[in-house]
Amino acid sequence: DFLEGGDGLGKELARVFRDSGKTVINLSRSPSEFAENIICDLTDQESIESAAKTLLSRVEPLEALINCAGVISIESLNEMKATEIERVFRVNVMGPMLLTSRLVDRITKDHGDIINIASTVGTKAYEKQAVYGASKWATRGFSQNLQLEFKGKPVRVISVCVGGFV
């Protein structure tokens, strides 16, 4: 199975932050009812570049970047198609890395936070989740490397490894 979100953790985070009085900007292919929306396809470099520029022109200060988008693939490795492997890594790893790189100067200037949503699958192996699990291990590793990169700077890097939820 190949699943995409839009109604999960990101939606709930947007609602909670909006209800607490924060300005919430959603960079996604799917609009959120709880945020200002900027269309962004995390599989496409030009879309990420454009969305980052638009975001930087609309938001000051940039208090937090929450990399929450993700796709999950639950299949045996011998059933995986190259296109599916590539999509999982583009959405879960490469897109957030590129987006973060385009916003990092502003986040540093504004003493913001970078929050990467990983998964318990990024801490422990699960059957039929080799590709998804590898992408979440990469997300966790990205966070740990950023923590070292920003040591002594006014930026917090937080990795959240959520378990399953409904």
# chains A, B, ... in the order shown; residues from 1 in each chain; ligands from 1
>>> residues_around(residues="Leu55 (chain A)", least_positions_apart="4", cutoff="9 Å", atoms="only C-alpha atoms", output="list in words")
Ile25, Leu27, Ile38, Ser50, Ala51, Val59 and Leu103 of chain A
>>> closest_atom_pairs(of="region 69-119 of chain A", to="region 128-140 of chain A", cutoff="10 Å", atoms="only C-alpha atoms", output="CSV")
residue,atom,partner,partner_atom,distance
A:Gly70,CA,A:Tyr132,CA,9.4
A:Val71,CA,A:Tyr132,CA,7.9
A:Ile72,CA,A:Tyr132,CA,5.7
A:Ser73,CA,A:Tyr132,CA,5.7
A:Ile74,CA,A:Gln129,CA,5.2
A:Glu75,CA,A:Lys128,CA,4.8
A:Ser76,CA,A:Lys128,CA,4.6
A:Leu77,CA,A:Ala130,CA,6.6
A:Asn78,CA,A:Lys128,CA,9.8
A:Glu79,CA,A:Lys128,CA,9.8
A:Met80,CA,A:Val131,CA,8.5
A:Glu84,CA,A:Val131,CA,9.0
A:Ile85,CA,A:Val131,CA,6.4
A:Glu86,CA,A:Val131,CA,9.4
A:Val88,CA,A:Tyr132,CA,6.7
A:Phe89,CA,A:Ser135,CA,5.9
A:Arg90,CA,A:Ser135,CA,9.2
A:Val91,CA,A:Ser135,CA,9.2
A:Asn92,CA,A:Ser135,CA,6.2
A:Val93,CA,A:Thr139,CA,5.9
A:Met94,CA,A:Thr139,CA,9.3
A:Pro96,CA,A:Thr139,CA,8.7
A:Met97,CA,A:Thr139,CA,8.8
A:Asn116,CA,A:Thr139,CA,7.0
A:Ile117,CA,A:Thr139,CA,7.7
A:Ala118,CA,A:Lys136,CA,5.2
A:Ser119,CA,A:Lys136,CA,6.1
>>> closest_atom_pairs(of="region 55-148 of chain A", to="region 7-20 of chain A", cutoff="9 Å", atoms="only C-alpha atoms", output="JSON lines")
{"residue": "A:Ile66", "atom": "CA", "partner": "A:Gly10", "partner_atom": "CA", "distance": 8.6}
{"residue": "A:Asn67", "atom": "CA", "partner": "A:Gly10", "partner_atom": "CA", "distance": 8.9}
{"residue": "A:Cys68", "atom": "CA", "partner": "A:Gly10", "partner_atom": "CA", "distance": 5.9}
{"residue": "A:Ala69", "atom": "CA", "partner": "A:Gly10", "partner_atom": "CA", "distance": 7.2}
>>> residues_around(residues="Arg156 (chain A)", least_positions_apart="5", cutoff="9 Å", atoms="only C-alpha atoms", output="ChimeraX atom specification")
/A:111-115,147,150-151
>>> write_last_selection(atoms="N, CA and C atoms", output="CSV table (one decimal), in the first residue's frame")
chain,number,residue,atom,x,y,z
A,111,HIS,N,15.9,33.1,15.4
A,111,HIS,CA,16.0,32.2,16.6
A,111,HIS,C,14.9,31.2,16.6
A,112,GLY,N,14.6,30.6,15.5
A,112,GLY,CA,13.5,29.7,15.3
A,112,GLY,C,13.8,28.2,15.7
A,113,ASP,N,12.9,27.4,15.4
A,113,ASP,CA,13.0,25.9,15.7
A,113,ASP,C,12.8,25.2,14.4
A,114,ILE,N,13.5,24.1,14.2
A,114,ILE,CA,13.3,23.1,13.1
A,114,ILE,C,12.9,21.8,13.8
A,115,ILE,N,11.7,21.4,13.4
A,115,ILE,CA,11.1,20.2,14.0
A,115,ILE,C,10.8,19.2,12.9
A,147,GLN,N,21.4,19.2,14.7
A,147,GLN,CA,21.7,19.5,16.1
A,147,GLN,C,23.2,19.9,16.3
A,150,PHE,N,24.0,23.3,14.5
A,150,PHE,CA,23.5,24.5,15.2
A,150,PHE,C,23.9,24.6,16.7
A,151,LYS,N,24.8,23.7,17.1
A,151,LYS,CA,25.2,23.8,18.5
A,151,LYS,C,25.8,25.1,18.8
>>> closest_residue(among="A:Val24, A:Gly152, A:Val157, A:Val162", to="Leu62 (chain A)", atoms="only C-alpha atoms")
A:Val24
>>> closest_residue(among="A:Gly163, A:Arg102, A:Arg29, A:Phe34", to="Tyr126 (chain A)", atoms="only C-alpha atoms")
A:Gly163
>>> select_by_dssp(residues="region 66-145 of chain A", states="alpha helix (DSSP H)", output="compact mmCIF listing (two decimals) with all heavy atoms, in the first residue's frame")
# COMPACT_ATOMS: atom_id res chain seq x y z
N ALA A 82 10.81 1.00 -8.27
CA ALA A 82 11.77 2.10 -8.15
C ALA A 82 11.05 3.44 -7.97
O ALA A 82 11.49 4.29 -7.19
CB ALA A 82 12.68 2.15 -9.37
N THR A 83 9.95 3.63 -8.66
CA THR A 83 9.21 4.90 -8.55
C THR A 83 8.67 5.11 -7.14
O THR A 83 8.64 6.23 -6.64
CB THR A 83 8.06 4.97 -9.57
OG1 THR A 83 7.22 3.82 -9.40
CG2 THR A 83 8.58 5.03 -10.99
N GLU A 84 8.26 4.02 -6.49
CA GLU A 84 7.74 4.13 -5.13
C GLU A 84 8.86 4.45 -4.14
O GLU A 84 8.71 5.29 -3.26
CB GLU A 84 7.03 2.84 -4.73
CG GLU A 84 6.34 2.93 -3.39
CD GLU A 84 5.48 1.72 -3.09
OE1 GLU A 84 5.19 0.92 -3.99
OE2 GLU A 84 5.09 1.59 -1.93
N ILE A 85 9.99 3.79 -4.30
CA ILE A 85 11.14 4.06 -3.43
C ILE A 85 11.55 5.52 -3.58
O ILE A 85 11.77 6.23 -2.59
CB ILE A 85 12.31 3.11 -3.77
CG1 ILE A 85 11.93 1.67 -3.44
CG2 ILE A 85 13.58 3.53 -3.03
CD1 ILE A 85 12.90 0.64 -3.98
N GLU A 86 11.64 5.98 -4.81
CA GLU A 86 12.04 7.36 -5.06
C GLU A 86 11.05 8.34 -4.45
O GLU A 86 11.43 9.33 -3.83
CB GLU A 86 12.16 7.61 -6.57
CG GLU A 86 12.62 9.02 -6.89
CD GLU A 86 12.78 9.25 -8.38
OE1 GLU A 86 12.60 8.31 -9.19
OE2 GLU A 86 13.08 10.40 -8.74
N ARG A 87 9.75 8.10 -4.61
CA ARG A 87 8.74 9.01 -4.06
C ARG A 87 8.82 9.08 -2.54
O ARG A 87 8.74 10.16 -1.95
CB ARG A 87 7.35 8.59 -4.51
CG ARG A 87 6.27 9.50 -3.96
CD ARG A 87 5.02 9.43 -4.80
NE ARG A 87 3.93 10.13 -4.19
CZ ARG A 87 3.79 11.44 -4.12
NH1 ARG A 87 4.71 12.23 -4.65
NH2 ARG A 87 2.76 11.99 -3.54
N VAL A 88 8.98 7.95 -1.88
CA VAL A 88 9.08 7.93 -0.42
C VAL A 88 10.27 8.80 0.03
O VAL A 88 10.14 9.62 0.93
CB VAL A 88 9.20 6.49 0.13
CG1 VAL A 88 9.60 6.49 1.61
CG2 VAL A 88 7.89 5.74 -0.07
N PHE A 89 11.41 8.63 -0.63
CA PHE A 89 12.59 9.40 -0.23
C PHE A 89 12.48 10.86 -0.62
O PHE A 89 12.96 11.73 0.11
CB PHE A 89 13.87 8.74 -0.75
CG PHE A 89 14.40 7.75 0.23
CD1 PHE A 89 13.92 6.45 0.25
CD2 PHE A 89 15.35 8.11 1.17
CE1 PHE A 89 14.36 5.54 1.18
CE2 PHE A 89 15.81 7.21 2.11
CZ PHE A 89 15.31 5.91 2.12
N GLY A 95 12.89 16.35 0.11
CA GLY A 95 12.10 17.58 0.12
C GLY A 95 12.30 18.38 1.39
O GLY A 95 12.62 19.57 1.34
N PRO A 96 12.13 17.76 2.56
CA PRO A 96 12.38 18.51 3.80
C PRO A 96 13.80 19.03 3.93
O PRO A 96 14.02 20.13 4.44
CB PRO A 96 12.06 17.48 4.89
CG PRO A 96 11.06 16.58 4.26
CD PRO A 96 11.50 16.47 2.81
N MET A 97 14.79 18.27 3.45
CA MET A 97 16.17 18.75 3.50
C MET A 97 16.34 20.01 2.66
O MET A 97 16.95 20.99 3.10
CB MET A 97 17.14 17.68 3.01
CG MET A 97 17.39 16.58 3.98
SD MET A 97 18.55 15.40 3.23
CE MET A 97 19.01 14.47 4.67
N LEU A 98 15.82 19.98 1.42
CA LEU A 98 15.96 21.14 0.54
C LEU A 98 15.18 22.33 1.10
O LEU A 98 15.70 23.45 1.13
CB LEU A 98 15.47 20.80 -0.87
CG LEU A 98 15.59 21.93 -1.89
CD1 LEU A 98 17.04 22.39 -2.04
CD2 LEU A 98 15.03 21.48 -3.24
N LEU A 99 13.96 22.11 1.56
CA LEU A 99 13.18 23.20 2.13
C LEU A 99 13.90 23.81 3.33
O LEU A 99 14.02 25.04 3.43
CB LEU A 99 11.79 22.70 2.53
CG LEU A 99 10.87 23.74 3.16
CD1 LEU A 99 10.59 24.89 2.18
CD2 LEU A 99 9.57 23.09 3.61
N THR A 100 14.39 22.98 4.21
CA THR A 100 15.12 23.47 5.39
C THR A 100 16.32 24.29 4.96
O THR A 100 16.58 25.37 5.51
CB THR A 100 15.55 22.29 6.29
OG1 THR A 100 14.38 21.56 6.69
CG2 THR A 100 16.31 22.78 7.51
N SER A 101 17.04 23.82 3.95
CA SER A 101 18.23 24.55 3.49
C SER A 101 17.87 25.93 2.97
O SER A 101 18.66 26.87 3.10
CB SER A 101 18.99 23.74 2.43
OG SER A 101 18.33 23.78 1.18
N ARG A 102 16.70 26.08 2.39
CA ARG A 102 16.28 27.37 1.83
C ARG A 102 15.75 28.32 2.90
O ARG A 102 15.68 29.53 2.68
CB ARG A 102 15.21 27.18 0.75
CG ARG A 102 15.69 26.40 -0.46
CD ARG A 102 17.00 26.98 -1.00
NE ARG A 102 17.46 26.31 -2.18
CZ ARG A 102 18.49 25.48 -2.24
NH1 ARG A 102 19.16 25.17 -1.14
NH2 ARG A 102 18.86 24.94 -3.37
N LEU A 103 15.41 27.80 4.07
CA LEU A 103 14.84 28.64 5.14
C LEU A 103 15.79 28.83 6.32
O LEU A 103 15.51 29.60 7.23
CB LEU A 103 13.53 28.01 5.64
CG LEU A 103 12.44 27.83 4.59
CD1 LEU A 103 11.24 27.11 5.19
CD2 LEU A 103 12.02 29.16 3.99
N VAL A 104 16.91 28.13 6.32
CA VAL A 104 17.77 28.07 7.49
C VAL A 104 18.35 29.44 7.88
O VAL A 104 18.48 29.74 9.07
CB VAL A 104 18.88 27.00 7.32
CG1 VAL A 104 19.96 27.46 6.36
CG2 VAL A 104 19.44 26.60 8.65
N ASP A 105 18.67 30.29 6.93
CA ASP A 105 19.20 31.62 7.28
C ASP A 105 18.16 32.43 8.06
O ASP A 105 18.48 33.06 9.06
CB ASP A 105 19.65 32.39 6.04
CG ASP A 105 20.92 31.82 5.43
OD1 ASP A 105 21.66 31.09 6.14
OD2 ASP A 105 21.18 32.10 4.25
N ARG A 106 16.91 32.39 7.61
CA ARG A 106 15.85 33.12 8.31
C ARG A 106 15.56 32.50 9.67
O ARG A 106 15.35 33.20 10.65
CB ARG A 106 14.59 33.16 7.46
CG ARG A 106 13.38 33.77 8.18
CD ARG A 106 13.50 35.28 8.48
NE ARG A 106 13.40 36.05 7.29
CZ ARG A 106 12.25 36.29 6.65
NH1 ARG A 106 11.12 35.84 7.12
NH2 ARG A 106 12.26 36.99 5.54
N ILE A 107 15.54 31.18 9.72
CA ILE A 107 15.30 30.50 11.00
C ILE A 107 16.39 30.89 12.00
O ILE A 107 16.10 31.18 13.17
CB ILE A 107 15.24 28.97 10.81
CG1 ILE A 107 13.98 28.59 10.03
CG2 ILE A 107 15.28 28.25 12.16
CD1 ILE A 107 13.96 27.16 9.53
N THR A 108 17.63 30.94 11.56
CA THR A 108 18.74 31.32 12.43
C THR A 108 18.58 32.77 12.87
O THR A 108 18.70 33.08 14.06
CB THR A 108 20.09 31.11 11.71
OG1 THR A 108 20.19 29.74 11.32
CG2 THR A 108 21.25 31.47 12.62
N LYS A 109 18.29 33.65 11.94
CA LYS A 109 18.11 35.08 12.25
C LYS A 109 16.99 35.29 13.26
O LYS A 109 17.11 36.11 14.17
CB LYS A 109 17.81 35.86 10.97
CG LYS A 109 17.48 37.32 11.16
CD LYS A 109 17.11 37.95 9.81
CE LYS A 109 16.27 39.17 9.93
NZ LYS A 109 14.89 38.97 10.33
N ALA A 130 10.78 -1.60 4.97
CA ALA A 130 12.21 -1.33 4.75
C ALA A 130 12.42 0.06 4.16
O ALA A 130 13.30 0.81 4.61
CB ALA A 130 12.82 -2.39 3.84
N VAL A 131 11.64 0.43 3.17
CA VAL A 131 11.84 1.72 2.50
C VAL A 131 11.36 2.86 3.39
O VAL A 131 12.07 3.84 3.61
CB VAL A 131 11.14 1.73 1.12
CG1 VAL A 131 11.20 3.10 0.49
CG2 VAL A 131 11.81 0.70 0.22
N TYR A 132 10.15 2.74 3.89
CA TYR A 132 9.62 3.78 4.79
C TYR A 132 10.52 3.91 6.02
O TYR A 132 10.88 5.02 6.42
CB TYR A 132 8.19 3.44 5.21
CG TYR A 132 7.60 4.42 6.20
CD1 TYR A 132 7.32 5.73 5.82
CD2 TYR A 132 7.31 4.03 7.50
CE1 TYR A 132 6.77 6.62 6.72
CE2 TYR A 132 6.76 4.91 8.40
CZ TYR A 132 6.49 6.21 8.01
OH TYR A 132 5.95 7.10 8.91
N GLY A 133 10.90 2.77 6.60
CA GLY A 133 11.77 2.79 7.77
C GLY A 133 13.11 3.47 7.47
O GLY A 133 13.59 4.29 8.25
N ALA A 134 13.69 3.15 6.33
CA ALA A 134 14.96 3.78 5.96
C ALA A 134 14.80 5.30 5.82
O ALA A 134 15.67 6.07 6.21
CB ALA A 134 15.49 3.18 4.67
N SER A 135 13.66 5.73 5.28
CA SER A 135 13.43 7.17 5.13
C SER A 135 13.31 7.85 6.50
O SER A 135 13.75 8.99 6.68
CB SER A 135 12.19 7.45 4.27
OG SER A 135 10.98 7.26 4.99
N LYS A 136 12.72 7.17 7.46
CA LYS A 136 12.56 7.77 8.80
C LYS A 136 13.85 7.71 9.60
O LYS A 136 14.13 8.58 10.41
CB LYS A 136 11.39 7.12 9.54
CG LYS A 136 10.04 7.46 8.90
CD LYS A 136 9.86 8.98 8.79
CE LYS A 136 8.57 9.39 8.15
NZ LYS A 136 8.38 10.84 8.15
N TRP A 137 14.68 6.68 9.35
CA TRP A 137 16.03 6.68 9.94
C TRP A 137 16.80 7.88 9.38
O TRP A 137 17.53 8.55 10.11
CB TRP A 137 16.76 5.38 9.63
CG TRP A 137 16.37 4.22 10.49
CD1 TRP A 137 15.31 3.38 10.29
CD2 TRP A 137 17.01 3.77 11.68
NE1 TRP A 137 15.27 2.43 11.28
CE2 TRP A 137 16.30 2.63 12.15
CE3 TRP A 137 18.13 4.20 12.38
CZ2 TRP A 137 16.66 1.95 13.30
CZ3 TRP A 137 18.50 3.49 13.53
CH2 TRP A 137 17.77 2.39 13.98
N ALA A 138 16.65 8.13 8.10
CA ALA A 138 17.33 9.27 7.47
C ALA A 138 16.84 10.59 8.06
O ALA A 138 17.64 11.50 8.31
CB ALA A 138 17.12 9.25 5.96
N THR A 139 15.55 10.70 8.30
CA THR A 139 14.99 11.92 8.90
C THR A 139 15.58 12.13 10.28
O THR A 139 15.97 13.25 10.64
CB THR A 139 13.45 11.81 8.98
OG1 THR A 139 12.93 11.68 7.67
CG2 THR A 139 12.85 13.03 9.65
N ARG A 140 15.67 11.07 11.05
CA ARG A 140 16.25 11.18 12.39
C ARG A 140 17.73 11.54 12.32
O ARG A 140 18.22 12.39 13.07
CB ARG A 140 16.05 9.87 13.14
CG ARG A 140 15.98 10.08 14.62
CD ARG A 140 15.62 8.80 15.35
NE ARG A 140 16.85 8.30 15.92
CZ ARG A 140 17.30 7.06 15.82
NH1 ARG A 140 16.63 6.16 15.18
NH2 ARG A 140 18.43 6.71 16.38
N GLY A 141 18.44 10.94 11.38
CA GLY A 141 19.85 11.27 11.20
C GLY A 141 20.06 12.70 10.76
O GLY A 141 20.99 13.38 11.21
N PHE A 142 19.18 13.19 9.88
CA PHE A 142 19.23 14.59 9.44
C PHE A 142 19.09 15.51 10.66
O PHE A 142 19.85 16.46 10.83
CB PHE A 142 18.10 14.83 8.42
CG PHE A 142 17.96 16.25 7.95
CD1 PHE A 142 19.03 16.95 7.43
CD2 PHE A 142 16.71 16.87 7.98
CE1 PHE A 142 18.88 18.26 6.96
CE2 PHE A 142 16.56 18.16 7.51
CZ PHE A 142 17.64 18.86 7.01
N SER A 143 18.14 15.20 11.53
CA SER A 143 17.94 16.01 12.73
C SER A 143 19.17 16.00 13.62
O SER A 143 19.60 17.05 14.12
CB SER A 143 16.74 15.49 13.53
OG SER A 143 15.56 15.61 12.80
N GLN A 144 19.76 14.83 13.82
CA GLN A 144 20.93 14.74 14.68
C GLN A 144 22.11 15.52 14.12
O GLN A 144 22.84 16.18 14.86
CB GLN A 144 21.29 13.28 14.93
CG GLN A 144 20.27 12.58 15.80
CD GLN A 144 20.56 11.10 15.99
OE1 GLN A 144 21.43 10.52 15.34
NE2 GLN A 144 19.81 10.48 16.88
N ASN A 145 22.28 15.48 12.81
CA ASN A 145 23.35 16.26 12.19
C ASN A 145 23.09 17.75 12.31
O ASN A 145 24.01 18.53 12.57
CB ASN A 145 23.54 15.85 10.73
CG ASN A 145 24.34 14.57 10.61
OD1 ASN A 145 25.55 14.59 10.67
ND2 ASN A 145 23.65 13.46 10.48
>>> atom_distance(atom1="CA of Leu146 (chain A)", atom2="CA of Glu60 (chain A)")
22.3 Å
>>> decode(residues="region 89-108 of chain A", atoms="N, CA and C atoms", output="compact mmCIF listing (two decimals), in the first residue's frame")
# COMPACT_ATOMS: atom_id res chain seq x y z
N PHE A 89 11.41 8.63 -0.63
CA PHE A 89 12.59 9.40 -0.23
C PHE A 89 12.48 10.86 -0.62
N ARG A 90 11.86 11.17 -1.73
CA ARG A 90 11.69 12.59 -2.11
C ARG A 90 10.79 13.32 -1.12
N VAL A 91 9.68 12.73 -0.75
CA VAL A 91 8.74 13.39 0.16
C VAL A 91 9.25 13.37 1.60
N ASN A 92 9.75 12.25 2.06
CA ASN A 92 10.11 12.10 3.46
C ASN A 92 11.49 12.64 3.83
N VAL A 93 12.40 12.68 2.87
CA VAL A 93 13.78 13.04 3.19
C VAL A 93 14.28 14.23 2.36
N MET A 94 14.32 14.05 1.05
CA MET A 94 14.95 15.05 0.19
C MET A 94 14.20 16.39 0.20
N GLY A 95 12.89 16.35 0.11
CA GLY A 95 12.10 17.58 0.12
C GLY A 95 12.30 18.38 1.39
N PRO A 96 12.13 17.76 2.56
CA PRO A 96 12.38 18.51 3.80
C PRO A 96 13.80 19.03 3.93
N MET A 97 14.79 18.27 3.45
CA MET A 97 16.17 18.75 3.50
C MET A 97 16.34 20.01 2.66
N LEU A 98 15.82 19.98 1.42
CA LEU A 98 15.96 21.14 0.54
C LEU A 98 15.18 22.33 1.10
N LEU A 99 13.96 22.11 1.56
CA LEU A 99 13.18 23.20 2.13
C LEU A 99 13.90 23.81 3.33
N THR A 100 14.39 22.98 4.21
CA THR A 100 15.12 23.47 5.39
C THR A 100 16.32 24.29 4.96
N SER A 101 17.04 23.82 3.95
CA SER A 101 18.23 24.55 3.49
C SER A 101 17.87 25.93 2.97
N ARG A 102 16.70 26.08 2.39
CA ARG A 102 16.28 27.37 1.83
C ARG A 102 15.75 28.32 2.90
N LEU A 103 15.41 27.80 4.07
CA LEU A 103 14.84 28.64 5.14
C LEU A 103 15.79 28.83 6.32
N VAL A 104 16.91 28.13 6.32
CA VAL A 104 17.77 28.07 7.49
C VAL A 104 18.35 29.44 7.88
N ASP A 105 18.67 30.29 6.93
CA ASP A 105 19.20 31.62 7.28
C ASP A 105 18.16 32.43 8.06
N ARG A 106 16.91 32.39 7.61
CA ARG A 106 15.85 33.12 8.31
C ARG A 106 15.56 32.50 9.67
N ILE A 107 15.54 31.18 9.72
CA ILE A 107 15.30 30.50 11.00
C ILE A 107 16.39 30.89 12.00
N THR A 108 17.63 30.94 11.56
CA THR A 108 18.74 31.32 12.43
C THR A 108 18.58 32.77 12.87
